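Below is the file entry-v9.pdb, which contains PDB, C-alpha atoms.
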```pdb
ATOM      1  CA  MET N 235     -50.982  36.216 -51.280  1.00  0.00           C
ATOM      2  CA  PRO N 236     -49.455  34.078 -54.054  1.00  0.00           C
ATOM      3  CA  VAL N 237     -46.541  31.876 -53.035  1.00  0.00           C
ATOM      4  CA  SER N 238     -44.132  33.775 -55.288  1.00  0.00           C
ATOM      5  CA  ALA N 239     -45.035  37.092 -53.572  1.00  0.00           C
ATOM      6  CA  ALA N 240     -44.544  35.822 -50.005  1.00  0.00           C
ATOM      7  CA  PRO N 241     -41.168  36.501 -48.338  1.00  0.00           C
ATOM      8  CA  ALA N 242     -38.768  33.542 -48.597  1.00  0.00           C
ATOM      9  CA  VAL N 243     -36.810  32.126 -45.695  1.00  0.00           C
ATOM     10  CA  GLU N 244     -33.314  30.781 -46.396  1.00  0.00           C
ATOM     11  CA  ALA N 245     -33.004  27.117 -45.469  1.00  0.00           C
ATOM     12  CA  THR N 246     -29.826  25.085 -45.234  1.00  0.00           C
ATOM     13  CA  MET N 247     -31.591  21.699 -45.049  1.00  0.00           C
ATOM     14  CA  LEU N 248     -35.078  20.216 -45.425  1.00  0.00           C
ATOM     15  CA  SER N 249     -36.409  17.282 -43.428  1.00  0.00           C
ATOM     16  CA  GLN N 250     -37.714  14.063 -44.903  1.00  0.00           C
ATOM     17  CA  GLY N 251     -41.379  14.193 -45.876  1.00  0.00           C
ATOM     18  CA  LEU N 252     -41.413  17.789 -47.065  1.00  0.00           C
ATOM     19  CA  ARG N 253     -42.499  18.236 -50.675  1.00  0.00           C
ATOM     20  CA  LEU N 254     -40.903  20.552 -53.217  1.00  0.00           C
ATOM     21  CA  ARG N 255     -42.398  21.830 -56.427  1.00  0.00           C
ATOM     22  CA  VAL N 256     -40.566  20.247 -59.368  1.00  0.00           C
ATOM     23  CA  GLY N 257     -42.555  21.664 -62.303  1.00  0.00           C
ATOM     24  CA  PRO N 258     -44.579  24.643 -63.490  1.00  0.00           C
ATOM     25  CA  LEU N 259     -47.913  23.389 -62.107  1.00  0.00           C
ATOM     26  CA  PRO N 260     -48.773  23.798 -58.399  1.00  0.00           C
ATOM     27  CA  GLY N 261     -49.431  20.044 -58.183  1.00  0.00           C
ATOM     28  CA  ASP N 262     -45.971  19.109 -59.520  1.00  0.00           C
ATOM     29  CA  LEU N 263     -44.682  18.012 -56.112  1.00  0.00           C
ATOM     30  CA  CYS N 264     -41.976  15.567 -55.048  1.00  0.00           C
ATOM     31  CA  ALA N 265     -40.842  14.481 -51.578  1.00  0.00           C
ATOM     32  CA  VAL N 266     -37.309  15.648 -50.769  1.00  0.00           C
ATOM     33  CA  GLU N 267     -36.198  12.057 -50.201  1.00  0.00           C
ATOM     34  CA  ASP N 268     -37.172  11.185 -53.788  1.00  0.00           C
ATOM     35  CA  ILE N 269     -34.968  13.880 -55.371  1.00  0.00           C
ATOM     36  CA  SER N 270     -31.514  12.929 -56.694  1.00  0.00           C
ATOM     37  CA  ILE N 271     -28.505  14.711 -58.160  1.00  0.00           C
ATOM     38  CA  GLY N 272     -29.432  15.895 -61.654  1.00  0.00           C
ATOM     39  CA  ASP N 273     -33.143  16.205 -60.887  1.00  0.00           C
ATOM     40  CA  PRO N 274     -34.751  19.638 -61.406  1.00  0.00           C
ATOM     41  CA  ILE N 275     -36.492  21.875 -58.861  1.00  0.00           C
ATOM     42  CA  TRP N 276     -38.863  24.640 -59.978  1.00  0.00           C
ATOM     43  CA  ASP N 277     -37.523  28.147 -59.311  1.00  0.00           C
ATOM     44  CA  LEU N 278     -40.295  30.581 -58.358  1.00  0.00           C
ATOM     45  CA  ALA N 279     -38.034  33.577 -59.020  1.00  0.00           C
ATOM     46  CA  THR N 280     -37.277  32.763 -62.681  1.00  0.00           C
ATOM     47  CA  SER N 281     -40.154  30.377 -63.520  1.00  0.00           C
ATOM     48  CA  ARG N 282     -37.762  27.729 -64.798  1.00  0.00           C
ATOM     49  CA  LEU N 283     -36.263  24.425 -63.723  1.00  0.00           C
ATOM     50  CA  ILE N 284     -32.891  24.409 -61.906  1.00  0.00           C
ATOM     51  CA  ASP N 285     -30.922  21.146 -61.661  1.00  0.00           C
ATOM     52  CA  VAL N 286     -29.553  19.772 -58.390  1.00  0.00           C
ATOM     53  CA  ASP N 287     -25.719  19.655 -58.697  1.00  0.00           C
ATOM     54  CA  GLY N 288     -25.113  17.963 -55.354  1.00  0.00           C
ATOM     55  CA  MET N 289     -26.836  16.790 -52.232  1.00  0.00           C
ATOM     56  CA  ALA N 290     -26.206  15.177 -48.871  1.00  0.00           C
ATOM     57  CA  CYS N 291     -28.295  13.771 -46.059  1.00  0.00           C
ATOM     58  CA  ALA N 292     -27.844  13.172 -42.349  1.00  0.00           C
ATOM     59  CA  THR N 293     -29.964  11.898 -39.485  1.00  0.00           C
ATOM     60  CA  LEU N 294     -30.111  14.694 -36.915  1.00  0.00           C
ATOM     61  CA  VAL N 295     -31.670  15.507 -33.560  1.00  0.00           C
ATOM     62  CA  PRO N 296     -32.146  19.022 -32.117  1.00  0.00           C
ATOM     63  CA  HIS N 297     -28.813  19.219 -30.237  1.00  0.00           C
ATOM     64  CA  LEU N 298     -26.902  18.279 -33.414  1.00  0.00           C
ATOM     65  CA  LEU N 299     -28.657  21.089 -35.292  1.00  0.00           C
ATOM     66  CA  ASP N 300     -27.585  23.427 -32.458  1.00  0.00           C
ATOM     67  CA  ASP N 301     -23.993  22.208 -32.827  1.00  0.00           C
ATOM     68  CA  MET N 302     -24.161  23.074 -36.533  1.00  0.00           C
ATOM     69  CA  GLY N 303     -25.530  26.565 -35.812  1.00  0.00           C
ATOM     70  CA  LEU N 304     -28.936  25.686 -37.284  1.00  0.00           C
ATOM     71  CA  ARG N 305     -32.477  26.150 -35.978  1.00  0.00           C
ATOM     72  CA  ALA N 306     -35.422  23.906 -36.835  1.00  0.00           C
ATOM     73  CA  MET N 307     -38.529  25.668 -38.108  1.00  0.00           C
ATOM     74  CA  PRO N 308     -41.651  23.451 -38.089  1.00  0.00           C
ATOM     75  CA  VAL N 309     -43.584  23.280 -41.367  1.00  0.00           C
ATOM     76  CA  GLU N 310     -47.091  21.832 -41.575  1.00  0.00           C
ATOM     77  CA  THR N 311     -47.669  19.236 -44.297  1.00  0.00           C
ATOM     78  CA  ALA N 312     -50.752  17.449 -45.581  1.00  0.00           C
ATOM     79  CA  VAL N 313     -49.917  14.434 -43.397  1.00  0.00           C
ATOM     80  CA  GLY N 314     -48.210  15.989 -40.358  1.00  0.00           C
ATOM     81  CA  HIS N 315     -45.159  18.218 -40.214  1.00  0.00           C
ATOM     82  CA  GLY N 316     -41.518  18.529 -41.187  1.00  0.00           C
ATOM     83  CA  TYR N 317     -38.704  20.985 -40.546  1.00  0.00           C
ATOM     84  CA  LEU N 318     -36.624  23.555 -42.348  1.00  0.00           C
ATOM     85  CA  ALA N 319     -33.119  23.882 -40.887  1.00  0.00           C
ATOM     86  CA  LEU N 320     -32.385  27.619 -40.913  1.00  0.00           C
ATOM     87  CA  ALA N 321     -28.929  29.120 -40.532  1.00  0.00           C
ATOM     88  CA  SER N 322     -30.163  31.986 -38.363  1.00  0.00           C
ATOM     89  CA  ALA N 323     -32.654  32.076 -35.516  1.00  0.00           C
ATOM     90  CA  ARG N 324     -33.325  35.729 -36.457  1.00  0.00           C
ATOM     91  CA  ILE N 325     -35.202  34.489 -39.520  1.00  0.00           C
ATOM     92  CA  VAL N 326     -37.633  32.538 -37.340  1.00  0.00           C
ATOM     93  CA  THR N 327     -38.141  35.065 -34.579  1.00  0.00           C
ATOM     94  CA  PRO N 328     -36.192  37.815 -32.803  1.00  0.00           C
ATOM     95  CA  VAL N 329     -36.688  36.008 -29.483  1.00  0.00           C
ATOM     96  CA  GLN N 330     -34.398  33.021 -28.816  1.00  0.00           C
ATOM     97  CA  ARG N 331     -36.603  29.943 -28.494  1.00  0.00           C
ATOM     98  CA  PRO N 332     -35.591  26.387 -27.776  1.00  0.00           C
ATOM     99  CA  GLN N 333     -35.357  23.943 -30.652  1.00  0.00           C
ATOM    100  CA  PRO N 334     -38.612  22.056 -31.286  1.00  0.00           C
ATOM    101  CA  ALA N 335     -38.447  18.591 -29.749  1.00  0.00           C
ATOM    102  CA  PHE N 336     -38.220  15.757 -32.263  1.00  0.00           C
ATOM    103  CA  GLY N 337     -36.521  12.405 -32.540  1.00  0.00           C
ATOM    104  CA  PRO N 338     -33.907  11.389 -35.092  1.00  0.00           C
ATOM    105  CA  THR N 339     -34.956  12.909 -38.406  1.00  0.00           C
ATOM    106  CA  VAL N 340     -33.351  12.678 -41.841  1.00  0.00           C
ATOM    107  CA  PHE N 341     -32.429  16.090 -43.264  1.00  0.00           C
ATOM    108  CA  PHE N 342     -31.424  16.724 -46.877  1.00  0.00           C
ATOM    109  CA  ARG N 343     -29.176  19.467 -48.187  1.00  0.00           C
ATOM    110  CA  PHE N 344     -29.330  20.443 -51.845  1.00  0.00           C
ATOM    111  CA  TRP N 345     -26.817  22.378 -53.909  1.00  0.00           C
ATOM    112  CA  PRO N 346     -28.669  23.543 -57.023  1.00  0.00           C
ATOM    113  CA  GLU N 347     -26.664  24.742 -60.041  1.00  0.00           C
ATOM    114  CA  SER N 348     -27.681  28.295 -59.132  1.00  0.00           C
ATOM    115  CA  ARG N 349     -29.525  30.119 -56.369  1.00  0.00           C
ATOM    116  CA  LEU N 350     -33.229  29.354 -56.450  1.00  0.00           C
ATOM    117  CA  VAL N 351     -36.421  30.092 -54.608  1.00  0.00           C
ATOM    118  CA  ALA N 352     -38.070  26.694 -54.191  1.00  0.00           C
ATOM    119  CA  GLU N 353     -41.656  26.110 -53.167  1.00  0.00           C
ATOM    120  CA  VAL N 354     -41.647  23.842 -50.107  1.00  0.00           C
ATOM    121  CA  GLU N 355     -45.084  22.847 -48.800  1.00  0.00           C
ATOM    122  CA  GLY N 356     -46.601  25.983 -50.326  1.00  0.00           C
ATOM    123  CA  ARG N 357     -44.044  28.463 -48.992  1.00  0.00           C
ATOM    124  CA  PRO N 358     -41.043  30.050 -50.752  1.00  0.00           C
ATOM    125  CA  VAL N 359     -37.649  28.862 -49.505  1.00  0.00           C
ATOM    126  CA  LEU N 360     -34.298  30.189 -50.721  1.00  0.00           C
ATOM    127  CA  LEU N 361     -31.714  27.500 -51.522  1.00  0.00           C
ATOM    128  CA  ARG N 362     -28.172  28.708 -52.284  1.00  0.00           C
ATOM    129  CA  GLY N 363     -26.443  27.297 -55.351  1.00  0.00           C
ATOM    130  CA  THR N 364     -23.049  25.638 -55.657  1.00  0.00           C
ATOM    131  CA  HIS N 365     -21.615  28.952 -56.857  1.00  0.00           C
ATOM    132  CA  ALA N 366     -23.470  31.285 -54.487  1.00  0.00           C
TER
END
```
Would you mind writing the structure in this file as structure tokens?
Amino acid sequence: MPVSAAPAVEATMLSQGLRLRVGPLPGDLCAVEDISIGDPIWDLATSRLIDVDGMACATLVPHLLDDMGLRAMPVETAVGHGYLALASARIVTPVQRPQPAFGPTVFFRFWPESRLVAEVEGRPVLLRGTHA
């Protein structure tokens, strides 16, 4: 199934080391930690670039994600794994599972200029815009 046809999960934050598609070619990838305000992210839904209006980062551990009402979803990468911080455990699974165990990890939150479906490590991920 092509990435654009797969169902997207909605993520609030992405952990360091995950790569996003930043151009029209599948190999146009950039690590989340290398993206800055004003940089574009490729939108799978519209096949165009959407600029990042704002962003923030924080070093978090599982219990801090719990305190924020977020659940970590492991994502396999070419060199290991990272995490998507999801706002609802229902998106991951209907059964309540404990947070994956991990040490302090830097998470990034992006506010694109509009809602976009980003490609993160080969899977579609919905990121809400500053006006969404």
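Of the residues under consideration (N:Gly363, N:Leu278, N:Ala306, N:Gly356), N:Gly356 shows the shortest atom-to-atom contact distance to Leu252 of chain N when counting only C-alpha atoms.
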Inset, instruction - Run the PyMOL selection byres ((chain N and resi 305) around 7) against the file shown and list the residues it catches, as an MDAnalysis selection string. - result: chainID N and resid 299:300 303:304 306:307 319:323 333
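Of the listed residues (N:Asp301, N:Asp285, N:Pro334, N:Val313), N:Asp285 comes nearest to Glu347 of chain N; the distances count only C-alpha atoms.
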Legend entry - From N:His297, N:Arg343, N:Arg357, N:Arg255, residue lying nearest Asp277 of chain N [only C-alpha atoms]: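 When distances to Asp277 of chain N are compared using only C-alpha atoms, the smallest one comes from N:Arg255.
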Legend entry - Coordinates-based distance that separates atom CA of Val256 of chain N from atom CA of Thr280 of chain N (Å, one decimal):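 Value for the atom CA of Thr280 of chain N-atom CA of Val256 of chain N distance: 13.4 Å.
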Legend entry - Separation of atom CA of Cys264 of chain N from atom CA of Ala352 of chain N, in Å and rounded to one decimal: 11.8 Å
Legend entry - Residue nearest Pro346 of chain N - candidates N:Asp287, N:Glu244, N:Asp273, N:Asp262, atoms counted: all atoms listed in the file: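 Of N:Asp287, N:Glu244, N:Asp273, N:Asp262, the one nearest Pro346 of chain N is N:Asp287, counting all atoms listed in the file.
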Legend entry - Minimum-distance residue to Met289 of chain N, chosen among N:Phe342, N:Pro274, N:Pro308, N:Leu360 (using only C-alpha atoms):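 Using only C-alpha atoms, the shortest distance to Met289 of chain N belongs to N:Phe342.
Here the question is which of N:Ser281, N:Thr311, N:Ser348, N:Ser249 gets nearest to Leu294 of chain N using only C-alpha atoms, and that residue is N:Ser249.
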Legend entry - Residue neighbourhood Cys291 of chain N, 12 Å, all atoms listed in the file, exclusion window fewer than 3 positions, as a VMD selection string: chain N and resid 246 to 250 266 to 267 269 to 270 288 294 339 to 345
Axis-aligned box for segment 270-286 of chain N, 4 Å per side, centre and edges in Å as lines of an AutoDock Vina configuration file:
```
center_x = -34.4
center_y = 23.3
center_z = -60.7
size_x = 19.8
size_y = 28.6
size_z = 16.1
```
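Across the structure, atom CA of Val295 of chain N and atom CA of Val359 of chain N are spaced 21.6 Å apart.
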